[in-house]
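Participant: Contents are compact mmCIF, C-alpha atoms; file name final-v7.txt:
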```txt
# COMPACT_ATOMS: atom_id res chain seq x y z
CA MET A 4 -7.48 1.45 -39.45
CA LYS A 5 -8.33 4.59 -37.50
CA LYS A 6 -10.93 2.65 -35.55
CA SER A 7 -8.34 0.07 -34.60
CA ILE A 8 -6.00 2.73 -33.32
CA TYR A 9 -8.77 4.29 -31.25
CA ILE A 10 -9.70 0.90 -29.81
CA LEU A 11 -6.07 0.23 -28.97
CA MET A 12 -5.70 3.64 -27.29
CA ALA A 13 -8.94 3.19 -25.36
CA VAL A 14 -7.91 -0.22 -24.06
CA PHE A 15 -4.52 1.09 -23.09
CA ALA A 16 -6.03 4.03 -21.24
CA LEU A 17 -8.72 1.99 -19.51
CA VAL A 18 -6.65 -0.88 -18.24
CA ALA A 19 -4.75 -0.07 -15.08
CA CYS A 20 -1.12 -0.73 -15.94
CA ARG A 21 0.23 -1.72 -12.59
CA ARG A 22 -1.54 -4.07 -10.23
CA ASP A 23 -0.94 -3.19 -6.57
CA PRO A 24 -0.41 -6.13 -4.23
CA ASP A 25 -3.12 -6.95 -1.73
CA LEU A 26 -1.95 -5.28 1.48
CA GLY A 27 -4.81 -6.97 3.31
CA GLU A 28 -2.75 -10.15 3.17
CA LEU A 29 -0.13 -8.62 5.47
CA SER A 30 -0.28 -9.97 8.98
CA SER A 31 -1.33 -7.89 11.97
CA ASP A 32 1.96 -8.59 13.74
CA PHE A 33 4.01 -5.48 14.39
CA LEU A 34 7.07 -4.51 12.41
CA VAL A 35 10.11 -4.86 14.67
CA PHE A 36 13.17 -2.77 13.93
CA THR A 37 16.32 -2.90 16.06
CA ASN A 38 19.73 -1.31 15.85
CA TYR A 39 22.74 -1.15 18.14
CA ASP A 40 26.16 0.33 18.69
CA THR A 41 28.63 -2.26 17.36
CA ALA A 42 31.34 -0.74 19.56
CA ALA A 43 29.40 -1.52 22.74
CA ASN A 44 30.44 -4.56 24.77
CA PHE A 45 27.25 -5.77 26.37
CA ASN A 46 29.14 -8.22 28.58
CA GLU A 47 30.42 -5.24 30.54
CA PHE A 48 26.93 -4.22 31.61
CA VAL A 49 25.45 -6.02 34.58
CA THR A 50 22.56 -3.97 35.93
CA TYR A 51 19.82 -1.91 34.40
CA TYR A 52 17.13 0.51 35.47
CA MET A 53 13.69 0.76 33.90
CA PRO A 54 11.05 3.29 34.99
CA ASP A 55 7.68 1.95 36.09
CA SER A 56 5.80 3.80 33.35
CA ILE A 57 5.93 4.45 29.63
CA MET A 58 6.28 7.99 28.35
CA ILE A 59 3.49 9.10 26.02
CA ILE A 60 4.50 11.23 23.08
CA GLY A 61 1.35 13.15 22.34
CA ASP A 62 0.50 16.70 21.43
CA ARG A 63 0.26 18.22 24.89
CA ASP A 64 2.68 20.63 26.50
CA ILE A 65 3.31 18.60 29.64
CA PRO A 66 4.89 15.16 29.93
CA GLU A 67 2.44 12.29 30.27
CA TYR A 68 3.03 8.72 31.34
CA TRP A 69 1.20 5.50 30.57
CA THR A 70 0.55 3.32 33.59
CA GLY A 71 -1.96 0.59 34.40
CA ILE A 72 -2.37 -3.08 33.52
CA ASN A 73 -1.52 -2.77 29.83
CA ALA A 74 1.61 -0.71 30.45
CA GLU A 75 2.64 -3.12 33.20
CA ALA A 76 2.29 -6.09 30.82
CA ILE A 77 4.64 -4.41 28.36
CA LEU A 78 7.15 -3.39 31.04
CA GLU A 79 7.11 -6.90 32.48
CA THR A 80 7.94 -8.29 29.06
CA TYR A 81 10.96 -5.99 28.89
CA ALA A 82 11.98 -7.05 32.39
CA ASP A 83 11.61 -10.76 31.53
CA ASN A 84 13.70 -10.40 28.38
CA MET A 85 16.38 -8.33 30.10
CA GLY A 86 16.53 -10.97 32.82
CA MET A 87 16.88 -13.74 30.24
CA CYS A 88 19.72 -11.78 28.66
CA GLY A 89 21.51 -11.84 32.01
CA TYR A 90 20.91 -8.31 33.32
CA LEU A 91 19.89 -7.54 36.87
CA ARG A 92 17.18 -4.95 37.43
CA VAL A 93 17.93 -2.37 40.12
CA SER A 94 15.62 0.17 41.70
CA ASP A 95 18.20 2.94 41.89
CA LYS A 96 19.27 4.68 38.69
CA GLU A 97 22.67 5.49 40.12
CA GLU A 98 23.46 1.79 40.55
CA ALA A 99 22.51 0.90 37.00
CA ASP A 100 24.85 0.31 34.05
CA LEU A 101 22.05 0.59 31.52
CA GLY A 102 18.85 2.60 31.36
CA LEU A 103 15.76 1.68 29.37
CA GLN A 104 13.58 4.53 28.18
CA ILE A 105 10.33 3.40 26.62
CA SER A 106 7.98 5.74 24.80
CA TYR A 107 4.61 5.27 23.16
CA ILE A 108 3.79 7.50 20.22
CA GLU A 109 0.24 8.73 20.56
CA SER A 110 0.62 11.59 18.08
CA VAL A 111 3.16 12.20 15.33
CA SER A 112 2.98 15.99 15.42
CA TYR A 113 6.46 16.26 16.96
CA PHE A 114 7.98 14.15 14.21
CA VAL A 115 6.87 16.23 11.27
CA ASP A 116 10.19 18.05 11.09
CA TYR A 117 12.23 15.03 12.07
CA TYR A 118 14.10 14.65 8.83
CA SER A 119 15.33 18.24 8.95
CA SER A 120 16.38 17.88 12.57
CA PRO A 121 17.36 14.50 13.95
CA TYR A 122 17.15 15.94 17.46
CA TRP A 123 13.37 15.88 17.43
CA TRP A 124 13.26 15.05 21.12
CA ASN A 125 14.51 18.56 21.91
CA ALA A 126 11.07 19.76 20.92
CA TYR A 127 9.20 17.35 23.09
CA PRO A 128 8.45 18.39 26.66
CA GLY A 129 10.17 16.13 29.17
CA TYR A 130 11.37 13.50 26.69
CA TRP A 131 13.93 11.52 28.65
CA TRP A 132 16.10 14.56 29.14
CA PRO A 133 19.67 13.57 29.97
CA GLY A 134 19.26 15.05 33.42
CA TYR A 135 16.82 12.27 34.13
CA TRP A 136 19.70 9.80 33.99
CA GLY A 137 22.54 11.91 35.39
CA ASP A 138 25.11 14.55 34.55
CA TRP A 139 25.08 14.53 30.74
CA SER A 140 24.49 17.42 28.37
CA ASP A 141 22.42 15.41 25.92
CA TRP A 142 22.09 11.90 24.52
CA TYR A 143 22.78 10.64 21.06
CA TYR A 144 22.81 7.64 18.73
CA PRO A 145 26.38 6.53 17.86
CA TYR A 146 24.98 4.93 14.68
CA PRO A 147 22.70 6.09 11.86
CA VAL A 148 19.01 5.84 12.66
CA VAL A 149 16.10 5.55 10.30
CA TYR A 150 12.60 5.68 11.64
CA SER A 151 9.11 5.85 10.35
CA TYR A 152 7.19 7.25 13.26
CA SER A 153 3.53 6.49 13.34
CA VAL A 154 0.74 6.51 15.85
CA GLY A 155 0.84 3.41 18.02
CA SER A 156 4.59 2.87 17.75
CA LEU A 157 6.63 1.88 20.75
CA LEU A 158 10.07 3.42 20.83
CA THR A 159 12.71 1.99 23.17
CA GLU A 160 16.21 3.24 23.80
CA MET A 161 18.87 1.58 25.93
CA VAL A 162 21.34 4.14 27.24
CA ASP A 163 24.84 3.46 28.58
CA LEU A 164 24.89 4.86 32.10
CA THR A 165 28.56 3.92 32.52
CA ALA A 166 29.53 6.56 29.94
CA GLU A 167 31.73 9.40 31.09
CA THR A 168 29.71 12.18 32.66
CA GLY A 169 30.18 15.92 32.45
CA PRO A 170 28.50 19.03 31.11
CA GLU A 171 30.18 18.49 27.73
CA ARG A 172 29.52 14.74 27.59
CA LYS A 173 26.67 13.03 25.82
CA LEU A 174 24.85 9.91 26.92
CA PRO A 175 25.10 7.22 24.19
CA VAL A 176 22.19 5.03 23.11
CA VAL A 177 23.63 1.54 22.68
CA TRP A 178 20.47 -0.21 21.47
CA ASN A 179 17.10 0.90 20.23
CA SER A 180 13.96 -0.66 18.90
CA LEU A 181 10.89 0.52 17.06
CA LEU A 182 7.73 -1.57 17.18
CA SER A 183 5.06 -0.44 14.79
CA GLY A 184 1.79 -1.81 13.53
CA LEU A 185 -1.75 -0.98 12.67
CA LEU A 186 -3.78 -0.77 15.86
CA SER A 187 -7.03 -2.67 16.18
CA GLY A 188 -10.06 -1.58 18.15
CA SER A 189 -9.18 -3.99 20.94
CA ASP A 190 -6.71 -2.77 23.57
CA SER A 191 -6.00 -6.30 24.78
CA PHE A 192 -5.22 -7.47 21.24
CA ASN A 193 -2.95 -4.45 20.73
CA VAL A 194 -1.10 -5.28 23.94
CA THR A 195 -0.78 -8.93 22.89
CA LEU A 196 0.79 -7.80 19.60
CA THR A 197 3.07 -5.36 21.43
CA VAL A 198 4.24 -8.02 23.89
CA ARG A 199 4.94 -10.39 20.99
CA ALA A 200 6.90 -7.63 19.24
CA VAL A 201 8.93 -6.85 22.37
CA ASP A 202 9.88 -10.54 22.58
CA GLN A 203 10.88 -10.46 18.89
CA SER A 204 13.03 -7.37 19.44
CA PHE A 205 15.16 -9.39 21.86
CA ILE A 206 15.13 -12.53 19.72
CA GLN A 207 16.68 -10.61 16.82
CA SER A 208 19.18 -8.90 19.16
CA SER A 209 21.13 -11.93 20.36
CA TYR A 210 24.21 -9.69 20.92
CA LEU A 211 22.44 -8.39 24.04
CA ILE A 212 22.85 -11.77 25.77
CA ARG A 213 25.58 -11.67 28.38
CA ASP A 214 28.05 -14.48 28.80
CA VAL A 215 27.25 -15.24 32.42
CA GLU A 216 29.78 -17.54 34.01
CA MET B 10 7.55 -27.83 -15.36
CA LYS B 11 6.07 -30.99 -16.96
CA ASN B 12 2.76 -29.18 -17.37
CA ILE B 13 4.47 -26.25 -19.09
CA LYS B 14 6.25 -28.63 -21.48
CA LYS B 15 2.98 -30.41 -22.24
CA LYS B 16 1.30 -27.05 -22.91
CA ILE B 17 4.08 -25.95 -25.26
CA ILE B 18 3.89 -29.20 -27.23
CA GLY B 19 0.09 -28.97 -27.30
CA TRP B 20 0.16 -25.45 -28.69
CA GLY B 21 2.75 -26.40 -31.29
CA VAL B 22 0.74 -29.37 -32.50
CA ALA B 23 -2.43 -27.29 -32.68
CA VAL B 24 -0.77 -24.53 -34.70
CA VAL B 25 0.78 -26.97 -37.17
CA ALA B 26 -2.45 -28.97 -37.51
CA LEU B 27 -4.53 -25.87 -38.16
CA SER B 28 -2.05 -24.59 -40.72
CA PHE B 29 -2.34 -27.73 -42.83
CA CYS B 30 -6.08 -28.17 -42.54
CA PRO B 31 -7.42 -27.55 -46.10
CA ALA B 32 -10.85 -26.38 -44.94
CA LEU B 33 -9.27 -23.67 -42.86
CA SER B 34 -6.60 -22.64 -45.27
CA GLN B 35 -8.81 -20.81 -47.70
CA ALA B 36 -7.85 -17.26 -48.57
CA GLN B 37 -9.29 -14.84 -46.08
CA TYR B 38 -8.90 -11.15 -45.38
CA ASN B 39 -5.32 -10.47 -46.22
CA SER B 40 -3.41 -7.45 -45.08
CA ASP B 41 0.19 -6.44 -44.84
CA ILE B 42 -0.47 -4.51 -41.67
CA TYR B 43 -1.09 -6.27 -38.39
CA MET B 44 -2.02 -5.14 -34.92
CA ASN B 45 -2.48 -7.19 -31.77
CA ILE B 46 -4.00 -6.42 -28.39
CA ASP B 47 -3.48 -9.25 -25.95
CA TRP B 48 -4.07 -10.27 -22.42
CA GLN B 49 -1.03 -12.15 -21.17
CA PHE B 50 -0.18 -14.68 -18.51
CA ASN B 51 3.39 -14.44 -17.25
CA VAL B 52 5.47 -16.95 -15.28
CA PRO B 53 8.74 -15.63 -13.78
CA LEU B 54 11.41 -18.32 -14.05
CA GLY B 55 14.40 -19.13 -11.87
CA ALA B 56 15.23 -17.44 -8.59
CA SER B 57 13.26 -14.34 -9.38
CA TYR B 58 12.39 -11.48 -7.03
CA VAL B 59 8.81 -12.67 -7.46
CA ASP B 60 8.08 -16.31 -8.31
CA LYS B 61 4.31 -16.28 -8.52
CA ALA B 62 2.66 -16.37 -11.96
CA SER B 63 -0.12 -13.95 -12.80
CA GLY B 64 -2.43 -12.76 -15.53
CA TRP B 65 -2.04 -9.05 -14.76
CA GLY B 66 -0.62 -7.90 -18.05
CA MET B 67 -1.30 -6.73 -21.57
CA ASN B 68 0.59 -6.65 -24.83
CA PHE B 69 0.23 -4.15 -27.67
CA GLU B 70 1.90 -4.71 -30.98
CA GLY B 71 1.72 -3.54 -34.55
CA GLY B 72 3.75 -3.91 -37.70
CA TYR B 73 4.00 -4.33 -41.43
CA TYR B 74 4.65 -7.42 -43.56
CA PHE B 75 6.86 -7.11 -46.60
CA PRO B 76 6.00 -9.23 -49.67
CA CYS B 77 8.56 -11.85 -48.65
CA ASN B 78 6.46 -12.49 -45.46
CA PHE B 79 9.00 -10.87 -43.20
CA GLY B 80 7.45 -8.29 -40.96
CA ILE B 81 8.77 -5.55 -38.76
CA GLY B 82 6.95 -3.67 -36.05
CA ALA B 83 6.90 -2.24 -32.56
CA PHE B 84 5.57 -3.55 -29.29
CA LEU B 85 4.86 -2.49 -25.74
CA SER B 86 3.64 -4.70 -22.95
CA TYR B 87 3.33 -4.52 -19.22
CA HIS B 88 2.96 -7.08 -16.52
CA THR B 89 2.73 -7.27 -12.74
CA ASN B 90 3.65 -10.29 -10.66
CA ASN B 91 3.04 -10.11 -6.92
CA GLU B 92 4.07 -12.49 -4.18
CA TYR B 93 3.45 -12.55 -0.44
CA VAL B 94 6.63 -13.12 1.59
CA SER B 95 5.93 -14.39 5.08
CA ARG B 96 7.31 -12.79 8.24
CA ARG B 97 11.08 -13.01 8.59
CA THR B 98 14.02 -11.08 10.01
CA ILE B 99 16.12 -9.15 7.51
CA SER B 100 19.56 -7.70 8.28
CA MET B 101 19.42 -4.18 6.90
CA THR B 102 22.94 -3.12 7.92
CA PRO B 103 25.63 -4.85 9.98
CA SER B 104 23.94 -3.48 13.12
CA SER B 105 20.24 -3.19 12.25
CA ALA B 106 17.52 -5.73 11.56
CA VAL B 107 13.84 -5.61 10.79
CA THR B 108 11.20 -8.30 11.22
CA THR B 109 8.14 -8.05 9.05
CA ASP B 110 6.15 -9.77 6.34
CA GLN B 111 6.11 -8.26 2.87
CA GLN B 112 4.32 -8.08 -0.44
CA HIS B 113 6.89 -8.27 -3.21
CA SER B 114 5.90 -6.80 -6.54
CA LEU B 115 7.58 -6.95 -9.94
CA TYR B 116 6.25 -4.64 -12.63
CA GLN B 117 7.78 -4.95 -16.08
CA VAL B 118 7.28 -2.76 -19.13
CA PRO B 119 9.27 -4.03 -22.12
CA PHE B 120 9.07 -2.14 -25.40
CA GLY B 121 10.97 -2.02 -28.65
CA VAL B 122 10.99 -3.50 -32.13
CA THR B 123 9.86 -6.88 -33.31
CA GLY B 124 10.72 -8.94 -36.37
CA ARG B 125 8.34 -11.62 -37.67
CA TYR B 126 8.18 -14.28 -40.29
CA ARG B 127 4.73 -15.60 -41.18
CA PHE B 128 3.72 -18.84 -42.80
CA LEU B 129 0.65 -19.47 -44.93
CA ALA B 130 -0.01 -15.79 -45.54
CA GLY B 131 -3.64 -15.11 -46.21
CA SER B 132 -4.98 -18.32 -44.71
CA ILE B 133 -7.36 -18.41 -41.80
CA CYS B 134 -4.58 -19.54 -39.53
CA GLU B 135 -1.40 -17.65 -40.07
CA PRO B 136 1.37 -18.97 -37.84
CA TYR B 137 4.47 -16.91 -37.30
CA VAL B 138 7.75 -16.81 -35.44
CA ALA B 139 9.00 -13.56 -33.97
CA MET B 140 11.83 -12.02 -32.06
CA LYS B 141 11.36 -8.94 -29.92
CA LEU B 142 14.28 -6.70 -28.97
CA GLY B 143 14.21 -3.57 -26.87
CA ALA B 144 14.41 -2.07 -23.42
CA ASN B 145 12.80 -3.33 -20.24
CA TYR B 146 11.69 -1.07 -17.41
CA ALA B 147 11.27 -3.06 -14.21
CA ARG B 148 10.14 -1.76 -10.86
CA ILE B 149 10.65 -4.02 -7.88
CA SER B 150 8.99 -3.06 -4.65
CA SER B 151 8.34 -4.35 -1.18
CA ASP B 152 5.24 -3.28 0.75
CA PHE B 153 5.35 -3.82 4.49
CA TYR B 154 3.47 -2.24 7.38
CA ILE B 155 2.54 1.20 5.91
CA LEU B 156 5.81 1.56 4.02
CA GLN B 157 7.13 0.74 0.60
CA ALA B 158 10.72 0.28 -0.53
CA TYR B 159 11.31 0.14 -4.26
CA GLU B 160 13.87 0.38 -7.01
CA GLU B 161 13.40 1.24 -10.67
CA THR B 162 15.69 -0.51 -13.12
CA TRP B 163 16.36 -0.60 -16.86
CA GLY B 164 17.72 -3.43 -18.93
CA PHE B 165 18.10 -4.91 -22.39
CA TYR B 166 15.19 -7.11 -23.45
CA MET B 167 14.84 -9.99 -25.91
CA SER B 168 11.97 -12.34 -26.42
CA PRO B 169 11.43 -15.13 -28.97
CA GLU B 170 7.79 -15.81 -29.72
CA LEU B 171 5.71 -18.42 -31.50
CA GLY B 172 2.18 -17.42 -32.43
CA VAL B 173 -0.75 -17.61 -34.73
CA GLN B 174 -3.19 -15.07 -36.12
CA ILE B 175 -6.63 -16.51 -36.80
CA ARG B 176 -8.89 -14.59 -39.16
CA PRO B 177 -12.10 -16.57 -39.55
CA PHE B 178 -14.10 -13.73 -41.08
CA SER B 179 -13.66 -12.90 -44.76
CA GLN B 180 -15.25 -9.46 -44.59
CA THR B 181 -13.33 -7.98 -41.71
CA ARG B 182 -9.76 -7.77 -40.58
CA ILE B 183 -10.66 -8.50 -36.97
CA GLY B 184 -9.49 -11.90 -35.77
CA PHE B 185 -7.82 -13.66 -32.91
CA HIS B 186 -4.26 -13.94 -31.77
CA ALA B 187 -2.44 -16.47 -29.59
CA ALA B 188 1.25 -16.65 -28.78
CA LEU B 189 3.78 -18.35 -26.56
CA TYR B 190 6.83 -16.43 -25.47
CA TYR B 191 9.99 -16.57 -23.47
CA SER B 192 11.73 -13.37 -22.43
CA TYR B 193 15.06 -12.41 -20.97
CA ALA B 194 16.06 -9.02 -19.58
CA THR B 195 19.27 -7.80 -17.98
CA ASN B 196 17.63 -5.75 -15.18
CA GLU B 197 19.29 -5.84 -11.78
CA GLY B 198 18.24 -4.32 -8.49
CA THR B 199 18.04 -4.78 -4.72
CA VAL B 200 15.25 -3.96 -2.31
CA MET B 201 15.69 -4.66 1.40
CA GLN B 202 18.54 -7.08 0.75
CA ASP B 203 16.48 -9.08 -1.79
CA LYS B 204 18.29 -9.06 -5.10
CA MET B 205 16.93 -9.27 -8.59
CA SER B 206 19.56 -10.33 -11.09
CA GLN B 207 18.28 -10.71 -14.65
CA LEU B 208 14.72 -11.57 -15.50
CA ASN B 209 13.54 -14.73 -17.20
CA ASN B 210 9.90 -15.13 -18.03
CA PHE B 211 7.70 -17.57 -19.85
CA GLY B 212 4.08 -16.98 -20.79
CA PHE B 213 1.30 -16.89 -23.28
CA ARG B 214 -0.87 -14.23 -24.87
CA LEU B 215 -4.45 -14.35 -26.05
CA GLY B 216 -6.11 -11.48 -27.78
CA LEU B 217 -7.45 -9.81 -30.85
CA SER B 218 -5.74 -9.14 -34.12
CA PHE B 219 -6.60 -6.32 -36.51
```
Take the structure from the file and write it as structure tokens.
Facilitator:
Amino acid sequence: MKKSIYILMAVFALVACRRDPDLGELSSDFLVFTNYDTAANFNEFVTYYMPDSIMIIGDRDIPEYWTGINAEAILETYADNMGMCGYLRVSDKEEADLGLQISYIESVSYFVDYYSSPYWWNAYPGYWWPGYWGDWSDWYYPYPVVYSYSVGSLLTEMVDLTAETGPERKLPVVWNSLLSGLLSGSDSFNVTLTVRAVDQSFIQSSYLIRDVE
Amino acid sequence: MKNIKKKIIGWGVAVVALSFCPALSQAQYNSDIYMNIDWQFNVPLGASYVDKASGWGMNFEGGYYFPCNFGIGAFLSYHTNNEYVSRRTISMTPSSAVTTDQQHSLYQVPFGVTGRYRFLAGSICEPYVAMKLGANYARISSDFYILQAYEETWGFYMSPELGVQIRPFSQTRIGFHAALYYSYATNEGTVMQDKMSQLNNFGFRLGLSF
């Protein structure tokens, strides 16, 4: 009887109780998360401004920007989708109703304390400071945000440049997206996945489409 | 479903046939105490959080038979069913959405007491019917990208069972065990908008008896 109990205990201890799913089955396509301000009326926005580079969030003390063919491919995809949604791109920030700020996360060191302070961007040098867009004291999300920041993520915020300005006023983010995935060793493949994810971010945000008469 | 029905009927016929076979019904090692260690194959039924069957589970059970062939004991089993869910867009809140593929996982650990009634006590093939009652711990989870969302739930558990203990050796209590079971649990939970409302399972167990 004792032997049986020992055998039973040994089997119980040796056999892994829970079988983890095979994460290798998951596709390489990026996770696409989007959120928006339900109070925003996107029909009221006509024009938008998008910088010609992507901000890099790294671990250096000075702002860095991503330019070149790969960055251009991503920015073009944003431009194409914004055009299909009925927005007109302008080259002057002051003429724009919306602003697109796109950031690539190269290092997560600035996000370590994110959950204790949602204003993580205050710690990052040059991160789309409100002064970049105009006379606002700060910018903010008018809705709850949940992020999992990881290396290789692309973070996009659409700000409402028609919002009231002033030293006490904040610039609202009316739409944001987070594109995240495991990067491969091939830059071109990573860009292909990113472009596909950008397209998906607009597909799942049909409320951005303007009713153009 | 037809295959499952055929299997159930097949098992039933085999158990009954073995029980009435004179050559196999000779008195063997008889004991009032029983223990089973089984590998089990579990099929979630209905609109479950995970629909894919798997053999990732074990069952441990022991008890005591009273002279009237009624037995009472305790059991603990565990089982994992996993299912890949292809890429789709999920509305997380009225304003937010996420597009991703997922690996759904359902891990169940029922435990409690079991009541049995055996037929042909002491024969090589000792069929029995049983009812298990207890609690069911169920953890549902969704793995996607590098993240996991999960919920742990508890529910009431009941499971009727039809089985047979086979003791072909006269000098030792070690033998074989086979059983068919259905189980129902009241667990409820939600992970990333996917709801689990009650658990229905069907399966079989193969193992050793002591």
Participant: With all atoms listed in the file as the atoms that count, which of B:Gly131, B:Gly164, B:Gly66, B:Pro76 lies nearest to chain A?
Facilitator: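 The closest residue to chain A is B:Gly66.
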Participant: Box for range 162-179 of chain A: with edges along x, y and z, all listed atoms inside and 5 Å added on each side, what are the centre and edge lengths in Å to one decimal, as lines of an AutoDock Vina configuration file?
Facilitator:
```
center_x = 24.4
center_y = 9.4
center_z = 26.4
size_x = 24.6
size_y = 29.2
size_z = 22.4
```
Participant: Could you list, as a list in words, the residues of chain B having an atom within 6 Å of chain A when counting all atoms listed in the file?
Facilitator: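 The contacting residues on chain B are Thr89, Asn91, Ser104, Ser105, Ala106, Val107, Thr108 and Thr109 of chain B.
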Participant: Can you work out which one of A:Ala82, A:Ile105, A:Leu211, A:Leu164 has the shortest atom-to-atom distance to Trp69 in chain A, counting all atoms listed in the file?
Facilitator: A:Ile105
Participant: Skipping near chain neighbours, those fewer than 3 positions away, what residues fall within 10 Å of range 139-145 of chain A using only C-alpha atoms, listed as a PyMOL selection string?
Facilitator: chain A and resi 38-43+121-122+124-125+131-136+148+160+162-164+166-179
Participant: Provide the CA of Ile46 in chain B to CA of Ser114 in chain B distance in Å, to one decimal place.
Facilitator: 24.0 Å
Participant: Could you check the closest approach to Arg127 in chain B for each of B:Val52, B:Thr181, B:Leu171, B:Ser63 and tell me which residue wins, using only C-alpha atoms?
Facilitator: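 That would be B:Leu171, the residue with the smallest distance to Arg127 in chain B.
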Participant: Please compute the CA of Gly86 in chain A-CA of Val215 in chain A distance, one decimal, in Å.
Facilitator: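 Computed distance, CA of Gly86 in chain A to CA of Val215 in chain A, equals 11.5 Å.
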Participant: Between B:Gly198, B:Pro103, B:Gly212, B:Gly71, which one has atoms that come closest to Tyr146 in chain B, using only C-alpha atoms?
Facilitator: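 Ranked by minimum distance to Tyr146 in chain B, first place goes to B:Gly198.
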Participant: Could you check which of A:Ser209, A:Ser191, A:Gln104, A:Thr70 is closest to Cys88 in chain A, using only C-alpha atoms?
Facilitator: A:Ser209
Participant: How far is it from CA of Pro177 in chain B to CA of Gly216 in chain B, in Å with one decimal?
Facilitator: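 Calculated distance between CA of Pro177 in chain B and CA of Gly216 in chain B is 14.2 Å.
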Participant: Given all atoms listed in the file as the basis, pick out the residue of B:Thr162, B:Gln157, B:Ser40, B:Ser95 nearest to Met205 in chain B.
Facilitator: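 Residue with the minimum atom-to-atom distance to Met205 in chain B: B:Thr162.
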Participant: Neighbourhood query: residues within 10 Å of (3.3, -7.4, -16.6), file coordinates, counting all atoms listed in the file; return as a list in words.
Facilitator: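 Residues close enough to count: Cys20, Arg21 and Arg22 of chain A; Trp48, Gln49, Phe50, Asn51, Val52, Ser63, Gly64, Trp65, Gly66, Met67, Asn68, Ser86, Tyr87, His88, Thr89, Asn90, Leu115, Tyr116, Gln117, Val118, Pro119 and Ala147 of chain B.
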Participant: Can you spit out the residues from that selection as a short mmCIF file (atom, residue, chain, number, x, y, z; two decimals), in the frame of the given file, using C-alpha atoms?
Facilitator:
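Full text of selection_24.cif as output:
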```cif
data_model
loop_
_atom_site.label_atom_id
_atom_site.label_comp_id
_atom_site.auth_asym_id
_atom_site.auth_seq_id
_atom_site.Cartn_x
_atom_site.Cartn_y
_atom_site.Cartn_z
CA CYS A 20 -1.12 -0.73 -15.94
CA ARG A 21 0.23 -1.72 -12.59
CA ARG A 22 -1.54 -4.07 -10.23
CA TRP B 48 -4.07 -10.27 -22.42
CA GLN B 49 -1.03 -12.15 -21.17
CA PHE B 50 -0.18 -14.68 -18.51
CA ASN B 51 3.39 -14.44 -17.25
CA VAL B 52 5.47 -16.95 -15.28
CA SER B 63 -0.12 -13.95 -12.80
CA GLY B 64 -2.43 -12.76 -15.53
CA TRP B 65 -2.04 -9.05 -14.76
CA GLY B 66 -0.62 -7.90 -18.05
CA MET B 67 -1.30 -6.73 -21.57
CA ASN B 68 0.59 -6.65 -24.83
CA SER B 86 3.64 -4.70 -22.95
CA TYR B 87 3.33 -4.52 -19.22
CA HIS B 88 2.96 -7.08 -16.52
CA THR B 89 2.73 -7.27 -12.74
CA ASN B 90 3.65 -10.29 -10.66
CA LEU B 115 7.58 -6.95 -9.94
CA TYR B 116 6.25 -4.64 -12.63
CA GLN B 117 7.78 -4.95 -16.08
CA VAL B 118 7.28 -2.76 -19.13
CA PRO B 119 9.27 -4.03 -22.12
CA ALA B 147 11.27 -3.06 -14.21
#
```
Participant: Around the point (-2.2, -14.5, -36.5) (coordinates from the file), which residues reach within 10 Å if we count all atoms listed in the file? Answer as a list in words.
Facilitator: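 Here the neighbourhood of the point contains Tyr43, Met44, Asn45, Arg127, Phe128, Ala130, Gly131, Ser132, Ile133, Cys134, Glu135, Pro136, Tyr137, Gly172, Val173, Gln174, Ile175, Arg176, Gly184, Phe185, His186, Ala187, Ala188, Leu217, Ser218 and Phe219 of chain B.
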